[in-house]
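*Asks:* One structure is given below, represented as structure tokens, and several questions about it will come after.
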Amino acid sequence: MVGVAVGLGNVWRFPYMMGSYGGSAFLIIYLIFTVLFAFPALVTEISLGKMSGKGTIAAYASIFGDRFGKGLGYLLVAVVTIAGSYYAVVVANVWYSAFFSIVEGFSPESSVQYQEALGSSVLQYAFTTLLIIVSLTVVYLGLKKGIERISMIIMPLFVLAMLYMIIHAWMLPGAIDQVRAFLSPDFDSVGSTEIFAALGQAFFSVGLGGTFVIVYSGYIAESSQIPRIAIFTCLGDLGSSVLVSLFLVPAILVFGLEMNAGPSLIFNTLPALFETLPAGRFIGSLFLVSLSLVAFLSLIAAFQVPLSSLKINSFSKKKMIVGFGMLQILLTLPSAFYPEIIGTLDLIFGSGMQVFGSMMAIVGVWWGVKNKGYLELLFKNPSGLFATISKFWLRWAIPTTLFAVLIGYLYENFL
């Protein structure tokens, strides 16, 4: 579950969202949303996935009925499929960064070459196609042989490289003063769009949306404690976002880069930082290789969701994977050749639809089935005070808040 949550949502998405939507004010709102809303929503989705055990479509059918539930499930599977197409392009860029750093290293000349190569749509599409093929091969091998084995190897390397980079970034001239100024939040600049972006990031980062978590929770053992899993998943995700910010924010500010550069932010920042690092080529390559594999895990999750949820009896697993792969290769074309649309797609599918999907899971679990089985699954004393307060929060406070944020965003931007 941590392997699904920790990925480009922390390293690629979180920094550029924070820079584009309010800076340190965004950070504070994001932390509040994670604790008060994302964590309870994660507990709900894990419970739904564990209870149904059959993927997104079957899960929603179990709480809303076949007609509406299956329609909603198919919609959310389509959302993940579309999101996976532009996400694959971003992951391919990370893969190319790792490959380029190993071959060329980091220097002003190589940075120029890297930016020129990154601007090649044909090269981006070729790397993305290769990545899709490799990812679906791992999906074909299965969770135990594929995802868990990779996670156990790369997560420690990823954390060690980040710790080294944090120490160096804070030793850059003027870094502490720059960060101190950045951490003075300006809440006057925060509107419904910034609040919506922070909420979307909180949900996106831990994998909420009625899809990823539900599918992966179907593999959880009967003896597993759901609140404990949710706590460690949120802590791992929050810790990763904070660690990434601790080296990226000082580096961005010291090098005079723009925090609001959008989805290209880390691809402009990392080469400049690695260039100044002692043993920068080795550390940079280690970090980018680790990051590419961490991102790879998240992409596998994005592919696993529709493949686990769509069951067509006349198609074997191999045929399903091949057909899905061909569809993804086709869907990546717009993002590979027009990367400027990725930010817009990410706000729609990565924020809006993630929040909507999770909101529907919460409504369905705590209203659709009259709580049958879920209180007993989560609480030792389902009629106790803590369970009663939690039930009220999940039934009323979270859906109302999510709905209000969504309406506020739509009103400000489209009405």
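In the structure tokens, chains take the letters A, B, ... in the order shown, each chain's residues start at 1, and ligands count up from 1 in the order shown.
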Determine, counting only C-alpha atoms, which protein, DNA and RNA residues have an atom within 6 Å of an atom of segment 392-401 of chain A; residues of the same chain fewer than 3 positions away are not included. Present the result as a ChimeraX atom specification.
*Replies:* /A:359,366,389,404
*Asks:* Which residues come within 9 Å of Ser292 of chain A, counting only C-alpha atoms, excluding same-chain residues fewer than 3 positions away, as a count of residues only?
*Replies:* 16
*Asks:* Hey, which bits of segment 248-303 of chain A sit within 12 Å of segment 181-200 of chain A, and for each residue what's the closest pair of atoms and how far apart in Å (one decimal), counting only C-alpha atoms, rows by chain and increasing number, as CSV?
*Replies:*
residue,atom,partner,partner_atom,distance
A:Val249,CA,A:Phe182,CA,8.7
A:Pro250,CA,A:Phe182,CA,9.3
A:Ile252,CA,A:Phe182,CA,11.0
A:Leu253,CA,A:Phe182,CA,8.6
A:Val254,CA,A:Phe182,CA,11.5
A:Met259,CA,A:Phe182,CA,10.2
*Asks:* What does the structure give for the distance between atom CA of Pro306 of chain A and atom CA of Pro40 of chain A, in Å to one decimal?
*Replies:*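 Going from atom CA of Pro306 of chain A over to atom CA of Pro40 of chain A covers 24.2 Å.
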*Asks:* What does the structure give for the distance between atom CA of Asp346 of chain A and atom CA of Arg13 of chain A, in Å to one decimal?
*Replies:* 9.1 Å
*Asks:* Out of A:Leu163, A:Leu378, A:Ala59, A:Leu131, which residue has the shortest atom-to-atom distance to Gly239 of chain A when counting only C-alpha atoms?
*Replies:*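 Ranking A:Leu163, A:Leu378, A:Ala59, A:Leu131 by distance to Gly239 of chain A, first place goes to A:Leu163.
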*Asks:* Using only C-alpha atoms, which protein or nucleic acid residues come within 12 Å of Glu222 of chain A? Drop anything in the same chain fewer than 2 positions from it, and give the result as a ChimeraX atom specification.
*Replies:* /A:47,49-51,53,217-220,224-226,377
*Asks:* Could you write out the selected residues, including C-alpha atoms, as a compact mmCIF listing (two decimals), in the first residue's frame?
*Replies:*
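Final output, saved to out18.txt:
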# COMPACT_ATOMS: atom_id res chain seq x y z
CA SER A 47 -12.75 -1.48 4.08
CA GLY A 49 -11.96 -3.16 -1.07
CA LYS A 50 -11.51 -5.80 1.60
CA MET A 51 -15.25 -6.48 1.89
CA GLY A 53 -12.47 -8.18 -2.94
CA SER A 217 -7.19 -3.88 -0.53
CA GLY A 218 -8.66 -7.01 -2.07
CA TYR A 219 -5.27 -8.65 -1.44
CA ILE A 220 -5.18 -7.78 2.28
CA SER A 224 -4.93 -7.31 8.92
CA GLN A 225 -6.01 -4.26 10.92
CA ILE A 226 -7.37 -1.63 8.53
CA LEU A 377 -14.90 -4.40 10.65
*Asks:* List as a PDB file with C-alpha atoms, in the first residue's frame the protein and nucleic acid residues near segment 205-215 of chain A, meaning an atom at most 8 Å away when only C-alpha atoms are counted, but skip any in the same chain fewer than 4 places from it.
*Replies:*
ATOM      1  CA  MET A   1       0.000   0.000   0.000  1.00  0.00           C
ATOM      2  CA  VAL A   4       1.251   2.536  -4.300  1.00  0.00           C
ATOM      3  CA  ALA A   5       0.995   5.789  -2.310  1.00  0.00           C
ATOM      4  CA  VAL A   6       4.645   6.881  -2.535  1.00  0.00           C
ATOM      5  CA  GLY A   9       2.599  12.110  -6.499  1.00  0.00           C
ATOM      6  CA  ASN A  10       5.209  13.071  -3.899  1.00  0.00           C
ATOM      7  CA  ALA A  38      -7.783  11.696   3.386  1.00  0.00           C
ATOM      8  CA  ALA A  41     -11.450   8.253   3.369  1.00  0.00           C
ATOM      9  CA  LEU A  42      -8.532   5.814   3.093  1.00  0.00           C
ATOM     10  CA  GLU A  45     -11.834   2.616   0.772  1.00  0.00           C
ATOM     11  CA  ILE A  46      -9.655  -0.100   2.320  1.00  0.00           C
ATOM     12  CA  LEU A  48     -14.744  -1.439   0.843  1.00  0.00           C
ATOM     13  CA  GLY A  49     -11.964  -3.161  -1.070  1.00  0.00           C
ATOM     14  CA  LYS A  50     -11.509  -5.803   1.604  1.00  0.00           C
ATOM     15  CA  GLY A  53     -12.466  -8.180  -2.942  1.00  0.00           C
ATOM     16  CA  LYS A  54     -13.392  -8.011  -6.625  1.00  0.00           C
ATOM     17  CA  GLY A  55     -12.211  -4.667  -7.966  1.00  0.00           C
ATOM     18  CA  THR A  56     -13.777  -1.252  -8.526  1.00  0.00           C
ATOM     19  CA  ALA A  59     -17.203  -2.859  -5.157  1.00  0.00           C
ATOM     20  CA  LEU A  76     -13.926   5.554 -12.509  1.00  0.00           C
ATOM     21  CA  VAL A  77     -12.062   2.791 -14.355  1.00  0.00           C
ATOM     22  CA  VAL A  80      -7.846   5.827 -14.186  1.00  0.00           C
ATOM     23  CA  GLN A 201      -3.312  16.510  -3.793  1.00  0.00           C
ATOM     24  CA  TYR A 219      -5.273  -8.649  -1.444  1.00  0.00           C
ATOM     25  CA  THR A 233       0.221   4.453   4.467  1.00  0.00           C
ATOM     26  CA  CYS A 234      -0.559   8.092   5.316  1.00  0.00           C
ATOM     27  CA  ASP A 237       3.156   9.263   2.070  1.00  0.00           C
ATOM     28  CA  ALA A 301      -1.004   0.338  -9.896  1.00  0.00           C
ATOM     29  CA  ALA A 302      -2.723   2.557 -12.479  1.00  0.00           C
ATOM     30  CA  GLN A 304      -3.675  -2.935 -12.348  1.00  0.00           C
ATOM     31  CA  VAL A 305      -6.914  -1.112 -11.505  1.00  0.00           C
ATOM     32  CA  SER A 308      -8.443  -6.199 -12.109  1.00  0.00           C
ATOM     33  CA  SER A 309     -11.847  -4.555 -12.380  1.00  0.00           C
ATOM     34  CA  MET A 353     -12.173  12.867 -10.333  1.00  0.00           C
ATOM     35  CA  GLN A 354     -10.050  11.439  -7.490  1.00  0.00           C
ATOM     36  CA  VAL A 355     -12.043  13.477  -4.970  1.00  0.00           C
ATOM     37  CA  PHE A 356     -15.330  12.605  -6.679  1.00  0.00           C
ATOM     38  CA  GLY A 357     -14.576   8.876  -6.719  1.00  0.00           C
ATOM     39  CA  SER A 358     -13.576   8.803  -3.073  1.00  0.00           C
ATOM     40  CA  MET A 359     -16.609  10.893  -2.084  1.00  0.00           C
ATOM     41  CA  MET A 360     -18.880   8.358  -3.782  1.00  0.00           C
ATOM     42  CA  ALA A 361     -17.140   5.497  -1.952  1.00  0.00           C
TER      43      ALA A 361
END
*Asks:* Between A:Arg281, A:Tyr74, A:Ile28, A:Lys380, which has the minimum distance to Pro227 of chain A (counting only C-alpha atoms)?
*Replies:*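 Checking each candidate against Pro227 of chain A, we get A:Lys380 as the closest.
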*Asks:* Identify, on the basis of only C-alpha atoms, every residue whose closest approach to Ala336 of chain A does not exceed 6 Å; exclude the query and any residue fewer than 3 positions from it along the same chain; express the result as a VMD selection string.
*Replies:* chain A and resid 121 124 to 125 333 339
*Asks:* For the residues in the current selection, export C-alpha atoms as an mmCIF file, in the first residue's frame.
*Replies:*
data_model
loop_
_atom_site.group_PDB
_atom_site.id
_atom_site.type_symbol
_atom_site.label_atom_id
_atom_site.label_comp_id
_atom_site.auth_asym_id
_atom_site.auth_seq_id
_atom_site.Cartn_x
_atom_site.Cartn_y
_atom_site.Cartn_z
ATOM 1 C CA SER A 121 7.934 14.364 -28.821
ATOM 2 C CA GLN A 124 9.034 10.882 -25.386
ATOM 3 C CA TYR A 125 6.520 8.693 -27.176
ATOM 4 C CA LEU A 333 -0.218 10.281 -28.045
ATOM 5 C CA PRO A 339 2.929 17.949 -22.959
#
*Asks:* When you draw a straight line from atom CA of Ile231 of chain A to atom CA of Phe39 of chain A, how long is it in Å?
*Replies:*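 Calculated distance between atom CA of Ile231 of chain A and atom CA of Phe39 of chain A is 7.3 Å.
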*Asks:* Compare A:Phe99, A:Tyr409, A:Tyr86, A:Trp170 by their minimum atom-to-atom distance to Gly350 of chain A, counting only C-alpha atoms, and give me the closest one.
*Replies:*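 The shortest atom-to-atom distance to Gly350 of chain A comes from A:Tyr86.
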*Asks:* Between A:Val35, A:Val405, A:Leu307, A:Ser285, which residue has the minimum interatomic distance to Leu157 of chain A, considering only C-alpha atoms?
*Replies:*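 The shortest atom-to-atom distance to Leu157 of chain A comes from A:Ser285.
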*Asks:* Can you pull out every residue within 8 Å of Ala169 of chain A, counting only C-alpha atoms, but drop anything in the same chain fewer than 2 positions away, and send it as number ranges by chain?
*Replies:* A: 165-167, 171-172, 175, 246-248, 250-251, 273
